[in-house]
>>> print(open('work_0.cif').read())   # mmCIF, C-alpha atoms
data_start
loop_
_atom_site.group_PDB
_atom_site.id
_atom_site.type_symbol
_atom_site.label_atom_id
_atom_site.label_comp_id
_atom_site.auth_asym_id
_atom_site.auth_seq_id
_atom_site.Cartn_x
_atom_site.Cartn_y
_atom_site.Cartn_z
ATOM 1 C CA MET N 1 -157.926 95.324 -12.219
ATOM 2 C CA ILE N 2 -156.426 97.185 -9.257
ATOM 3 C CA PRO N 3 -152.682 97.804 -9.745
ATOM 4 C CA SER N 4 -150.579 96.079 -7.151
ATOM 5 C CA PRO N 5 -148.880 98.496 -4.745
ATOM 6 C CA HIS N 6 -145.109 98.518 -4.811
ATOM 7 C CA ARG N 7 -144.476 97.695 -1.164
ATOM 8 C CA TRP N 8 -146.253 95.576 1.418
ATOM 9 C CA THR N 9 -148.169 97.129 4.236
ATOM 10 C CA PHE N 10 -148.593 95.574 7.639
ATOM 11 C CA ARG N 11 -151.836 95.464 9.566
ATOM 12 C CA SER N 12 -152.718 94.280 13.053
ATOM 13 C CA TYR N 13 -155.658 92.482 14.548
ATOM 14 C CA CYS N 14 -157.703 94.962 16.547
ATOM 15 C CA SER N 15 -160.043 93.952 19.335
ATOM 16 C CA GLU N 16 -162.223 96.297 21.373
ATOM 17 C CA ALA N 17 -159.162 96.818 23.550
ATOM 18 C CA GLY N 18 -157.168 98.113 20.571
ATOM 19 C CA ASP N 19 -154.189 96.925 18.523
ATOM 20 C CA GLU N 20 -153.411 93.491 19.985
ATOM 21 C CA ILE N 21 -150.072 93.092 18.222
ATOM 22 C CA ARG N 22 -148.847 96.502 19.264
ATOM 23 C CA GLY N 23 -149.772 95.585 22.824
ATOM 24 C CA TRP N 24 -147.538 92.518 22.525
ATOM 25 C CA TYR N 25 -144.766 94.488 20.816
ATOM 26 C CA GLU N 26 -144.603 97.140 23.521
ATOM 27 C CA CYS N 27 -144.068 94.422 26.137
ATOM 28 C CA GLN N 28 -141.046 92.953 24.336
ATOM 29 C CA THR N 29 -137.376 93.674 24.968
ATOM 30 C CA ARG N 30 -135.600 96.156 22.703
ATOM 31 C CA PRO N 31 -133.714 93.414 20.805
ATOM 32 C CA VAL N 32 -136.991 91.636 20.034
ATOM 33 C CA GLN N 33 -138.565 94.896 18.889
ATOM 34 C CA ALA N 34 -135.563 95.700 16.696
ATOM 35 C CA GLU N 35 -135.536 92.235 15.139
ATOM 36 C CA ILE N 36 -139.209 92.199 14.153
ATOM 37 C CA THR N 37 -138.903 95.727 12.768
ATOM 38 C CA VAL N 38 -135.951 94.715 10.598
ATOM 39 C CA VAL N 39 -137.766 91.575 9.413
ATOM 40 C CA ALA N 40 -140.725 93.718 8.357
ATOM 41 C CA LEU N 41 -138.474 96.258 6.630
ATOM 42 C CA TYR N 42 -136.755 93.539 4.593
ATOM 43 C CA LEU N 43 -139.965 91.779 3.607
ATOM 44 C CA GLN N 44 -141.666 95.037 2.670
ATOM 45 C CA PRO N 45 -140.138 95.506 -0.823
ATOM 46 C CA LEU N 46 -140.262 91.834 -1.888
ATOM 47 C CA ASP N 47 -142.753 90.362 -4.318
ATOM 48 C CA VAL N 48 -144.956 87.431 -3.314
ATOM 49 C CA GLN N 49 -142.364 84.890 -4.432
ATOM 50 C CA GLY N 50 -139.785 86.738 -2.360
ATOM 51 C CA TRP N 51 -141.911 86.199 0.729
ATOM 52 C CA ILE N 52 -142.350 82.518 -0.048
ATOM 53 C CA ASP N 53 -138.609 82.085 -0.701
ATOM 54 C CA SER N 54 -137.612 83.854 2.506
ATOM 55 C CA ASP N 55 -138.515 80.837 4.584
ATOM 56 C CA ARG N 56 -136.273 81.903 7.454
ATOM 57 C CA ASP N 57 -138.258 85.085 8.050
ATOM 58 C CA TYR N 58 -141.635 84.065 6.700
ATOM 59 C CA LYS N 59 -143.320 80.748 6.170
ATOM 60 C CA ASP N 60 -146.738 79.660 4.949
ATOM 61 C CA LEU N 61 -148.379 77.289 7.420
ATOM 62 C CA ARG N 62 -149.973 74.030 6.363
ATOM 63 C CA GLY N 63 -152.497 71.489 7.593
ATOM 64 C CA LYS N 64 -155.056 72.843 10.041
ATOM 65 C CA LEU N 65 -153.445 76.270 9.882
ATOM 66 C CA SER N 66 -153.421 76.454 6.095
ATOM 67 C CA GLY N 67 -154.203 79.992 4.946
ATOM 68 C CA LEU N 68 -152.024 81.435 7.672
ATOM 69 C CA GLY N 69 -148.369 82.374 7.539
ATOM 70 C CA GLU N 70 -145.870 83.373 10.162
ATOM 71 C CA LEU N 71 -143.111 85.897 10.621
ATOM 72 C CA ARG N 72 -140.220 84.049 12.281
ATOM 73 C CA PHE N 73 -137.225 85.432 14.079
ATOM 74 C CA VAL N 74 -134.701 84.440 16.688
ATOM 75 C CA VAL N 75 -133.291 86.650 19.421
ATOM 76 C CA GLY N 76 -130.554 85.016 21.442
ATOM 77 C CA LYS N 77 -131.827 81.471 21.662
ATOM 78 C CA GLU N 78 -135.485 82.416 21.816
ATOM 79 C CA GLN N 79 -137.702 81.811 18.813
ATOM 80 C CA HIS N 80 -140.534 84.228 18.179
ATOM 81 C CA ARG N 81 -143.492 83.939 15.863
ATOM 82 C CA VAL N 82 -146.143 86.306 14.556
ATOM 83 C CA LEU N 83 -149.053 84.443 13.007
ATOM 84 C CA GLY N 84 -150.999 86.250 10.310
ATOM 85 C CA PHE N 85 -152.070 86.062 6.711
ATOM 86 C CA ARG N 86 -151.098 87.584 3.388
ATOM 87 C CA ASN N 87 -153.410 89.342 1.007
ATOM 88 C CA ASP N 88 -151.353 89.140 -2.183
ATOM 89 C CA ASP N 89 -153.636 91.409 -4.233
ATOM 90 C CA LEU N 90 -153.418 94.248 -1.738
ATOM 91 C CA LYS N 91 -149.857 93.331 -0.704
ATOM 92 C CA GLU N 92 -150.931 93.283 2.916
ATOM 93 C CA PHE N 93 -149.847 91.114 5.801
ATOM 94 C CA THR N 94 -152.248 91.126 8.737
ATOM 95 C CA MET N 95 -150.714 90.095 12.048
ATOM 96 C CA LEU N 96 -153.082 88.155 14.274
ATOM 97 C CA VAL N 97 -151.221 86.612 17.219
ATOM 98 C CA ALA N 98 -147.637 86.934 18.413
ATOM 99 C CA GLY N 99 -145.583 85.142 20.988
ATOM 100 C CA ARG N 100 -142.556 83.092 21.868
ATOM 101 C CA LYS N 101 -142.271 79.573 20.539
ATOM 102 C CA ILE N 102 -141.042 77.243 23.254
ATOM 103 C CA ALA N 103 -141.770 73.681 22.128
ATOM 104 C CA LYS N 104 -142.247 72.500 18.561
ATOM 105 C CA PHE N 105 -146.039 72.258 18.438
ATOM 106 C CA ASP N 106 -146.869 74.081 21.629
ATOM 107 C CA PHE N 107 -147.107 77.511 20.022
ATOM 108 C CA TYR N 108 -149.489 76.380 17.283
ATOM 109 C CA LEU N 109 -151.686 74.413 19.664
ATOM 110 C CA ARG N 110 -151.977 77.438 21.926
ATOM 111 C CA HIS N 111 -152.268 80.192 19.337
ATOM 112 C CA GLY N 112 -153.409 78.521 16.108
ATOM 113 C CA PRO N 113 -157.134 78.425 16.959
ATOM 114 C CA THR N 114 -157.035 82.066 18.098
ATOM 115 C CA ALA N 115 -155.307 83.071 14.867
ATOM 116 C CA LEU N 116 -157.913 81.271 12.756
ATOM 117 C CA LYS N 117 -160.771 82.854 14.711
ATOM 118 C CA ARG N 118 -159.242 86.299 14.312
ATOM 119 C CA LYS N 119 -158.629 85.767 10.608
ATOM 120 C CA ALA N 120 -162.310 84.914 10.163
ATOM 121 C CA GLU N 121 -163.220 88.136 11.961
ATOM 122 C CA VAL N 122 -160.889 90.218 9.787
ATOM 123 C CA ASP N 123 -162.222 88.498 6.659
ATOM 124 C CA SER N 124 -165.763 89.382 7.714
ATOM 125 C CA ASP N 125 -165.033 93.008 8.563
ATOM 126 C CA ARG N 126 -161.552 94.229 7.719
ATOM 127 C CA ALA N 127 -162.089 97.813 8.864
ATOM 128 C CA ARG N 128 -163.489 96.815 12.227
ATOM 129 C CA PHE N 129 -161.075 94.032 13.147
ATOM 130 C CA SER N 130 -157.789 95.264 11.726
ATOM 131 C CA CYS N 131 -155.830 98.469 11.669
ATOM 132 C CA ASN N 132 -152.730 99.853 10.002
ATOM 133 C CA ALA N 133 -149.507 98.711 11.668
ATOM 134 C CA ASP N 134 -147.004 101.142 10.200
ATOM 135 C CA TRP N 135 -145.514 101.453 13.660
ATOM 136 C CA ILE N 136 -143.723 98.151 13.088
ATOM 137 C CA LEU N 137 -141.655 99.750 10.310
ATOM 138 C CA LEU N 138 -140.675 102.846 12.238
ATOM 139 C CA PRO N 139 -137.456 102.658 14.171
ATOM 140 C CA MET Q 1 -142.021 112.204 18.968
ATOM 141 C CA LYS Q 2 -139.629 109.884 20.737
ATOM 142 C CA SER Q 3 -138.039 107.400 18.377
ATOM 143 C CA LYS Q 4 -137.256 103.821 19.301
ATOM 144 C CA PHE Q 5 -133.833 104.640 17.902
ATOM 145 C CA ASP Q 6 -133.228 106.948 20.866
ATOM 146 C CA ASP Q 7 -132.766 103.800 22.891
ATOM 147 C CA ARG Q 8 -129.180 102.559 22.728
ATOM 148 C CA GLU Q 9 -130.109 98.901 23.149
ATOM 149 C CA PHE Q 10 -132.641 99.143 20.329
ATOM 150 C CA ARG Q 11 -130.121 100.861 18.050
ATOM 151 C CA HIS Q 12 -127.498 98.204 18.608
ATOM 152 C CA ALA Q 13 -129.926 95.348 18.083
ATOM 153 C CA PHE Q 14 -131.242 97.066 14.940
ATOM 154 C CA VAL Q 15 -127.759 97.427 13.453
ATOM 155 C CA SER Q 16 -126.995 93.781 14.170
ATOM 156 C CA ALA Q 17 -130.266 92.510 12.688
ATOM 157 C CA ASN Q 18 -129.876 94.755 9.659
ATOM 158 C CA VAL Q 19 -126.324 93.658 8.836
ATOM 159 C CA LYS Q 20 -127.145 89.962 9.209
ATOM 160 C CA ARG Q 21 -130.308 90.256 7.156
ATOM 161 C CA GLY Q 22 -128.678 92.475 4.549
ATOM 162 C CA ILE Q 23 -126.046 89.863 3.748
ATOM 163 C CA ALA Q 24 -128.468 86.942 3.797
ATOM 164 C CA TYR Q 25 -131.084 88.661 1.609
ATOM 165 C CA GLN Q 26 -128.486 89.921 -0.864
ATOM 166 C CA LEU Q 27 -126.896 86.522 -1.295
ATOM 167 C CA ARG Q 28 -130.268 84.906 -1.883
ATOM 168 C CA ALA Q 29 -131.245 87.661 -4.335
ATOM 169 C CA LEU Q 30 -127.941 87.313 -6.205
ATOM 170 C CA ARG Q 31 -128.423 83.547 -6.409
ATOM 171 C CA ASN Q 32 -132.028 83.920 -7.579
ATOM 172 C CA ALA Q 33 -130.932 86.431 -10.212
ATOM 173 C CA LYS Q 34 -128.678 83.723 -11.623
ATOM 174 C CA LYS Q 35 -131.539 81.205 -11.382
ATOM 175 C CA MET Q 36 -129.339 78.824 -9.448
ATOM 176 C CA ASN Q 37 -129.989 76.521 -6.527
ATOM 177 C CA GLN Q 38 -127.688 76.600 -3.516
ATOM 178 C CA THR Q 39 -125.504 73.777 -4.850
ATOM 179 C CA GLN Q 40 -124.974 75.480 -8.230
ATOM 180 C CA PHE Q 41 -124.338 78.835 -6.582
ATOM 181 C CA GLY Q 42 -121.876 77.166 -4.216
ATOM 182 C CA GLU Q 43 -119.983 75.723 -7.175
ATOM 183 C CA LEU Q 44 -119.867 79.176 -8.748
ATOM 184 C CA ILE Q 45 -118.376 80.868 -5.702
ATOM 185 C CA GLY Q 46 -116.347 77.909 -4.519
ATOM 186 C CA LYS Q 47 -118.294 77.025 -1.357
ATOM 187 C CA PRO Q 48 -120.173 73.850 -0.475
ATOM 188 C CA GLN Q 49 -123.992 73.997 -0.346
ATOM 189 C CA PRO Q 50 -124.233 73.931 3.485
ATOM 190 C CA VAL Q 51 -122.095 77.082 3.579
ATOM 191 C CA ILE Q 52 -124.464 78.813 1.136
ATOM 192 C CA CYS Q 53 -127.384 77.721 3.301
ATOM 193 C CA ARG Q 54 -125.668 79.229 6.350
ATOM 194 C CA LEU Q 55 -124.784 82.455 4.528
ATOM 195 C CA GLU Q 56 -128.416 82.873 3.493
ATOM 196 C CA ASN Q 57 -129.597 82.421 7.061
ATOM 197 C CA PRO Q 58 -130.416 85.878 8.478
ATOM 198 C CA ASN Q 59 -129.712 84.615 11.976
ATOM 199 C CA TYR Q 60 -126.183 83.406 11.197
ATOM 200 C CA GLY Q 61 -124.167 86.606 11.232
ATOM 201 C CA LYS Q 62 -120.693 85.079 11.400
ATOM 202 C CA VAL Q 63 -119.604 85.585 7.821
ATOM 203 C CA SER Q 64 -116.083 87.014 7.498
ATOM 204 C CA VAL Q 65 -115.165 90.105 5.502
ATOM 205 C CA GLN Q 66 -112.754 87.923 3.516
ATOM 206 C CA THR Q 67 -115.612 85.641 2.443
ATOM 207 C CA LEU Q 68 -117.665 88.658 1.376
ATOM 208 C CA ILE Q 69 -114.757 89.990 -0.670
ATOM 209 C CA GLU Q 70 -114.291 86.612 -2.353
ATOM 210 C CA ILE Q 71 -117.989 86.404 -3.219
ATOM 211 C CA ALA Q 72 -118.068 89.988 -4.485
ATOM 212 C CA ASN Q 73 -115.041 89.367 -6.691
ATOM 213 C CA THR Q 74 -116.409 86.107 -8.064
ATOM 214 C CA LEU Q 75 -119.715 87.778 -8.953
ATOM 215 C CA ASP Q 76 -117.879 90.918 -10.063
ATOM 216 C CA VAL Q 77 -120.025 93.234 -7.960
ATOM 217 C CA GLY Q 78 -118.871 95.983 -5.623
ATOM 218 C CA LEU Q 79 -118.820 95.672 -1.850
ATOM 219 C CA LEU Q 80 -119.003 98.398 0.795
ATOM 220 C CA VAL Q 81 -118.218 97.631 4.425
ATOM 221 C CA LYS Q 82 -118.082 100.865 6.354
ATOM 222 C CA PHE Q 83 -118.986 102.516 9.635
ATOM 223 C CA VAL Q 84 -121.655 105.174 9.199
ATOM 224 C CA PRO Q 85 -123.884 107.378 11.360
ATOM 225 C CA HIS Q 86 -127.117 105.728 12.433
ATOM 226 C CA ASP Q 87 -129.263 108.041 10.321
ATOM 227 C CA ARG Q 88 -127.504 106.673 7.238
ATOM 228 C CA VAL Q 89 -128.462 103.143 8.295
ATOM 229 C CA LEU Q 90 -132.081 104.226 8.613
ATOM 230 C CA ARG Q 91 -132.070 105.904 5.213
ATOM 231 C CA GLU Q 92 -130.564 102.836 3.542
ATOM 232 C CA VAL Q 93 -133.007 100.420 5.149
ATOM 233 C CA GLY Q 94 -135.919 102.714 4.363
ATOM 234 C CA ARG Q 95 -135.249 102.599 0.643
ATOM 235 C CA LEU Q 96 -134.576 98.884 0.294
ATOM 236 C CA SER Q 97 -135.814 97.464 -2.965
ATOM 237 C CA GLN Q 98 -135.839 94.008 -4.470
ATOM 238 C CA GLU Q 99 -133.776 95.237 -7.424
ATOM 239 C CA GLU Q 100 -131.053 96.716 -5.238
ATOM 240 C CA LEU Q 101 -130.658 93.472 -3.331
ATOM 241 C CA ALA Q 102 -129.102 91.882 -6.420
ATOM 242 C CA PRO Q 103 -126.706 94.387 -8.004
ATOM 243 C CA HIS Q 104 -125.535 93.776 -11.564
ATOM 244 C CA SER Q 105 -121.992 92.718 -12.324
ATOM 245 C CA TYR Q 106 -119.540 95.220 -13.785
ATOM 246 C CA GLU Q 107 -120.001 93.877 -17.309
ATOM 247 C CA GLU Q 108 -123.781 93.921 -16.990
ATOM 248 C CA VAL Q 109 -123.787 97.538 -15.799
ATOM 249 C CA LYS Q 110 -121.542 98.430 -18.712
ATOM 250 C CA ARG Q 111 -123.713 96.604 -21.235
ATOM 251 C CA ARG Q 112 -126.910 98.223 -19.945
ATOM 252 C CA SER Q 113 -125.399 101.699 -19.903
ATOM 253 C CA HIS Q 114 -124.464 101.386 -23.579
ATOM 254 C CA GLU Q 115 -128.021 100.319 -24.426
ATOM 255 C CA GLN Q 116 -129.540 103.354 -22.718
ATOM 256 C CA PRO Q 117 -129.940 106.657 -24.594
ATOM 257 C CA LYS Q 118 -127.402 109.327 -23.771
ATOM 258 C CA PRO Q 119 -128.486 111.811 -21.095
ATOM 259 C CA GLU Q 120 -129.679 115.119 -22.443
ATOM 260 C CA VAL Q 121 -128.801 117.097 -19.353
ATOM 261 C CA PRO Q 122 -125.403 118.803 -19.443
ATOM 262 C CA VAL Q 123 -122.716 116.795 -17.685
ATOM 263 C CA THR Q 124 -119.854 118.513 -15.925
ATOM 264 C CA THR Q 125 -116.384 117.757 -17.191
ATOM 265 C CA ALA Q 126 -115.382 116.021 -13.966
ATOM 266 C CA ALA Q 127 -118.540 113.918 -13.735
ATOM 267 C CA LYS Q 128 -118.308 113.016 -17.392
ATOM 268 C CA GLY Q 129 -114.699 111.994 -17.017
ATOM 269 C CA SER Q 130 -115.575 109.655 -14.151
ATOM 270 C CA LEU Q 131 -118.548 108.221 -16.009
ATOM 271 C CA ASP Q 132 -116.523 107.609 -19.138
ATOM 272 C CA LEU Q 133 -113.727 106.063 -17.144
ATOM 273 C CA TYR Q 134 -116.239 103.747 -15.468
ATOM 274 C CA LEU Q 135 -117.828 102.842 -18.768
ATOM 275 C CA GLY Q 136 -114.447 102.279 -20.358
ATOM 276 C CA ARG Q 137 -115.016 104.681 -23.244
ATOM 277 C CA SER Q 138 -112.490 107.274 -22.267
ATOM 278 C CA SER Q 139 -109.418 108.056 -24.191
ATOM 279 C CA LYS Q 140 -108.083 111.354 -23.097
ATOM 280 C CA LEU Q 141 -109.796 113.524 -25.654
ATOM 281 C CA GLY Q 142 -111.188 111.110 -28.168
ATOM 282 C CA TYR Q 143 -114.412 109.202 -28.118
ATOM 283 C CA SER Q 144 -115.454 106.176 -30.030
ATOM 284 C CA GLU Q 145 -118.133 106.436 -32.695
ATOM 285 C CA ASN Q 146 -120.605 104.819 -30.350
ATOM 286 C CA SER Q 147 -120.133 107.458 -27.729
ATOM 287 C CA PRO Q 148 -119.943 110.913 -29.233
ATOM 288 C CA PRO Q 149 -118.736 113.614 -26.910
ATOM 289 C CA THR Q 150 -121.382 115.262 -24.812
ATOM 290 C CA LYS Q 151 -121.759 118.912 -25.661
ATOM 291 C CA ILE Q 152 -120.368 120.995 -22.865
ATOM 292 C CA GLU Q 153 -121.230 124.638 -22.883
ATOM 293 C CA VAL Q 154 -118.958 127.036 -21.120
ATOM 294 C CA HIS Q 155 -120.405 130.408 -20.366
ATOM 295 C CA HIS Q 156 -117.932 133.243 -20.042
ATOM 296 C CA VAL Q 157 -118.888 136.071 -17.769
ATOM 297 C CA ALA Q 158 -118.003 139.445 -19.121
ATOM 298 C CA GLU Q 159 -115.351 141.156 -17.081
ATOM 299 C CA ASN Q 160 -117.356 144.293 -16.720
ATOM 300 C CA THR Q 161 -120.240 142.278 -15.230
ATOM 301 C CA LEU Q 162 -117.989 141.091 -12.452
ATOM 302 C CA ASN Q 163 -116.533 144.465 -11.852
ATOM 303 C CA GLY Q 164 -119.940 146.091 -11.697
#
>>> encode(input="work_0.cif", output="structure tokens")
Amino acid sequence: MIPSPHRWTFRSYCSEAGDEIRGWYECQTRPVQAEITVVALYLQPLDVQGWIDSDRDYKDLRGKLSGLGELRFVVGKEQHRVLGFRNDDLKEFTMLVAGRKIAKFDFYLRHGPTALKRKAEVDSDRARFSCNADWILLP
Amino acid sequence: MKSKFDDREFRHAFVSANVKRGIAYQLRALRNAKKMNQTQFGELIGKPQPVICRLENPNYGKVSVQTLIEIANTLDVGLLVKFVPHDRVLREVGRLSQEELAPHSYEEVKRRSHEQPKPEVPVTTAAKGSLDLYLGRSSKLGYSENSPPTKIEVHHVAENTLNG
């Protein structure tokens, strides 16, 4: 059995164009960047139950998006979401799609199918379709 | 390499997000350590459940220092609220751990320290005095049977060594 690492690592979906989540991150305002970095830093040392309990910052999705989870944060009055999935054995969270949530279901209708497609790609070839996202933890 | 922290707006937003999240995560961790739900925890610290829910919300950020003091005193844990250089903030956030989010109460720290074996490394008189005072086993010169005095070696330097 592989020993579980102490802290979580973050990974990003990578297309041929590169790190898609970093591309999104670099386009955000400084407060949004700071908020997502702090969310990642606080989730990093938690155990799996800690992630599940922290439903303000992370939530497992259900229904058609079951298997995915989302990082959630608010800046001003804007809600932001990063869809991804946990690998509890490796203590990894892979970020797949990020954006601003405007209406209740709008975000999931727009980005859910993309997230599922990307997850399938990462599941099929982790090295090709995902890359380390340590940059999210570095202020 | 240019750090995001070089940007003033980023720094300020980081500090804000960190303080809000720090309080929310600590309160949740302290509650979980007591295996209580929000209602039970609220009864313990004298706040209704909706207040606990709000305090555990990392986006809330309007908790007063007085409330924090009251909670700290009820749980008998220490509380630090202080202005520090930004590099200190980064160091603290960088070494966050699940255990540190829920500090033990004074009595628990005391109990655990008595269960642990005595340190073998020499302890300076000043440090030992503070430790003993904290652990409540200090009488000026005497020690209880459970806490024998740590051996302190004092090396005298020969006068002629100093004088060459």
>>> resolve_selection(input="work_0.cif", expression="the PyMOL selection byres ((chain Q) within 12 of (chain N))", output="PyMOL selection string")
chain Q and resi 1-29+31-33+37+53-60+86-87+89-101
>>> write_last_selection(input="work_0.cif", atoms="C-alpha atoms", output="PDB file, keeping the file's coordinate frame")
ATOM      1  CA  MET Q   1    -142.021 112.204  18.968  1.00  0.00           C
ATOM      2  CA  LYS Q   2    -139.629 109.884  20.737  1.00  0.00           C
ATOM      3  CA  SER Q   3    -138.039 107.400  18.377  1.00  0.00           C
ATOM      4  CA  LYS Q   4    -137.256 103.821  19.301  1.00  0.00           C
ATOM      5  CA  PHE Q   5    -133.833 104.640  17.902  1.00  0.00           C
ATOM      6  CA  ASP Q   6    -133.228 106.948  20.866  1.00  0.00           C
ATOM      7  CA  ASP Q   7    -132.766 103.800  22.891  1.00  0.00           C
ATOM      8  CA  ARG Q   8    -129.180 102.559  22.728  1.00  0.00           C
ATOM      9  CA  GLU Q   9    -130.109  98.901  23.149  1.00  0.00           C
ATOM     10  CA  PHE Q  10    -132.641  99.143  20.329  1.00  0.00           C
ATOM     11  CA  ARG Q  11    -130.121 100.861  18.050  1.00  0.00           C
ATOM     12  CA  HIS Q  12    -127.498  98.204  18.608  1.00  0.00           C
ATOM     13  CA  ALA Q  13    -129.926  95.348  18.083  1.00  0.00           C
ATOM     14  CA  PHE Q  14    -131.242  97.066  14.940  1.00  0.00           C
ATOM     15  CA  VAL Q  15    -127.759  97.427  13.453  1.00  0.00           C
ATOM     16  CA  SER Q  16    -126.995  93.781  14.170  1.00  0.00           C
ATOM     17  CA  ALA Q  17    -130.266  92.510  12.688  1.00  0.00           C
ATOM     18  CA  ASN Q  18    -129.876  94.755   9.659  1.00  0.00           C
ATOM     19  CA  VAL Q  19    -126.324  93.658   8.836  1.00  0.00           C
ATOM     20  CA  LYS Q  20    -127.145  89.962   9.209  1.00  0.00           C
ATOM     21  CA  ARG Q  21    -130.308  90.256   7.156  1.00  0.00           C
ATOM     22  CA  GLY Q  22    -128.678  92.475   4.549  1.00  0.00           C
ATOM     23  CA  ILE Q  23    -126.046  89.863   3.748  1.00  0.00           C
ATOM     24  CA  ALA Q  24    -128.468  86.942   3.797  1.00  0.00           C
ATOM     25  CA  TYR Q  25    -131.084  88.661   1.609  1.00  0.00           C
ATOM     26  CA  GLN Q  26    -128.486  89.921  -0.864  1.00  0.00           C
ATOM     27  CA  LEU Q  27    -126.896  86.522  -1.295  1.00  0.00           C
ATOM     28  CA  ARG Q  28    -130.268  84.906  -1.883  1.00  0.00           C
ATOM     29  CA  ALA Q  29    -131.245  87.661  -4.335  1.00  0.00           C
ATOM     30  CA  ARG Q  31    -128.423  83.547  -6.409  1.00  0.00           C
ATOM     31  CA  ASN Q  32    -132.028  83.920  -7.579  1.00  0.00           C
ATOM     32  CA  ALA Q  33    -130.932  86.431 -10.212  1.00  0.00           C
ATOM     33  CA  ASN Q  37    -129.989  76.521  -6.527  1.00  0.00           C
ATOM     34  CA  CYS Q  53    -127.384  77.721   3.301  1.00  0.00           C
ATOM     35  CA  ARG Q  54    -125.668  79.229   6.350  1.00  0.00           C
ATOM     36  CA  LEU Q  55    -124.784  82.455   4.528  1.00  0.00           C
ATOM     37  CA  GLU Q  56    -128.416  82.873   3.493  1.00  0.00           C
ATOM     38  CA  ASN Q  57    -129.597  82.421   7.061  1.00  0.00           C
ATOM     39  CA  PRO Q  58    -130.416  85.878   8.478  1.00  0.00           C
ATOM     40  CA  ASN Q  59    -129.712  84.615  11.976  1.00  0.00           C
ATOM     41  CA  TYR Q  60    -126.183  83.406  11.197  1.00  0.00           C
ATOM     42  CA  HIS Q  86    -127.117 105.728  12.433  1.00  0.00           C
ATOM     43  CA  ASP Q  87    -129.263 108.041  10.321  1.00  0.00           C
ATOM     44  CA  VAL Q  89    -128.462 103.143   8.295  1.00  0.00           C
ATOM     45  CA  LEU Q  90    -132.081 104.226   8.613  1.00  0.00           C
ATOM     46  CA  ARG Q  91    -132.070 105.904   5.213  1.00  0.00           C
ATOM     47  CA  GLU Q  92    -130.564 102.836   3.542  1.00  0.00           C
ATOM     48  CA  VAL Q  93    -133.007 100.420   5.149  1.00  0.00           C
ATOM     49  CA  GLY Q  94    -135.919 102.714   4.363  1.00  0.00           C
ATOM     50  CA  ARG Q  95    -135.249 102.599   0.643  1.00  0.00           C
ATOM     51  CA  LEU Q  96    -134.576  98.884   0.294  1.00  0.00           C
ATOM     52  CA  SER Q  97    -135.814  97.464  -2.965  1.00  0.00           C
ATOM     53  CA  GLN Q  98    -135.839  94.008  -4.470  1.00  0.00           C
ATOM     54  CA  GLU Q  99    -133.776  95.237  -7.424  1.00  0.00           C
ATOM     55  CA  GLU Q 100    -131.053  96.716  -5.238  1.00  0.00           C
ATOM     56  CA  LEU Q 101    -130.658  93.472  -3.331  1.00  0.00           C
TER      57      LEU Q 101
END
>>> atom_distance(input="work_0.cif", atom1="atom CA of Ala115 of chain N", atom2="atom CA of Gln49 of chain N")
23.3 Å
>>> atom_distance(input="work_0.cif", atom1="atom CA of Gly63 of chain N", atom2="atom CA of Lys91 of chain N")
23.5 Å
>>> resolve_selection(input="work_0.cif", expression="the PyMOL selection byres ((chain N and resi 85) around 10)", output="number ranges by chain")
N: 11, 60-61, 66-71, 82-84, 86-88, 92-96, 115-116, 119
>>> resolve_selection(input="work_0.cif", expression="the PyMOL selection byres ((chain Q and resi 77-84) around 9)", output="list in words")
Val65, Leu68, Ile69, Ile71, Ala72, Asn73, Thr74, Leu75, Asp76, Pro85, His86, Asp87, Arg88, Val89, Pro103, His104, Ser105 and Tyr106 of chain Q
>>> write_last_selection(input="work_0.cif", atoms="C-alpha atoms", output="PDB file, in the coordinates of the input")
ATOM      1  CA  VAL Q  65    -115.165  90.105   5.502  1.00  0.00           C
ATOM      2  CA  LEU Q  68    -117.665  88.658   1.376  1.00  0.00           C
ATOM      3  CA  ILE Q  69    -114.757  89.990  -0.670  1.00  0.00           C
ATOM      4  CA  ILE Q  71    -117.989  86.404  -3.219  1.00  0.00           C
ATOM      5  CA  ALA Q  72    -118.068  89.988  -4.485  1.00  0.00           C
ATOM      6  CA  ASN Q  73    -115.041  89.367  -6.691  1.00  0.00           C
ATOM      7  CA  THR Q  74    -116.409  86.107  -8.064  1.00  0.00           C
ATOM      8  CA  LEU Q  75    -119.715  87.778  -8.953  1.00  0.00           C
ATOM      9  CA  ASP Q  76    -117.879  90.918 -10.063  1.00  0.00           C
ATOM     10  CA  PRO Q  85    -123.884 107.378  11.360  1.00  0.00           C
ATOM     11  CA  HIS Q  86    -127.117 105.728  12.433  1.00  0.00           C
ATOM     12  CA  ASP Q  87    -129.263 108.041  10.321  1.00  0.00           C
ATOM     13  CA  ARG Q  88    -127.504 106.673   7.238  1.00  0.00           C
ATOM     14  CA  VAL Q  89    -128.462 103.143   8.295  1.00  0.00           C
ATOM     15  CA  PRO Q 103    -126.706  94.387  -8.004  1.00  0.00           C
ATOM     16  CA  HIS Q 104    -125.535  93.776 -11.564  1.00  0.00           C
ATOM     17  CA  SER Q 105    -121.992  92.718 -12.324  1.00  0.00           C
ATOM     18  CA  TYR Q 106    -119.540  95.220 -13.785  1.00  0.00           C
TER      19      TYR Q 106
END
>>> residues_near_point(input="work_0.cif", point="(-145.2, 78.3, 18.5)", cutoff="10 Å", atoms="all atoms listed in the file", output="PyMOL selection string")
chain N and resi 70+72+79-83+98-112
>>> atom_distance(input="work_0.cif", atom1="atom CA of Arg22 of chain N", atom2="atom CA of Trp135 of chain N")
8.2 Å
>>> closest_residue(input="work_0.cif", among="Q:Gln38, Q:Gln66, Q:Arg111, Q:Leu30", to="Ile52 of chain Q", atoms="only C-alpha atoms")
Q:Gln38
>>> residues_around(input="work_0.cif", residues="Gly23 of chain N", least_positions_apart="3", cutoff="12 Å", atoms="all atoms listed in the file", output="ChimeraX atom specification")
/N:12-15,17-20,26-28,33,96-99,133,135-136
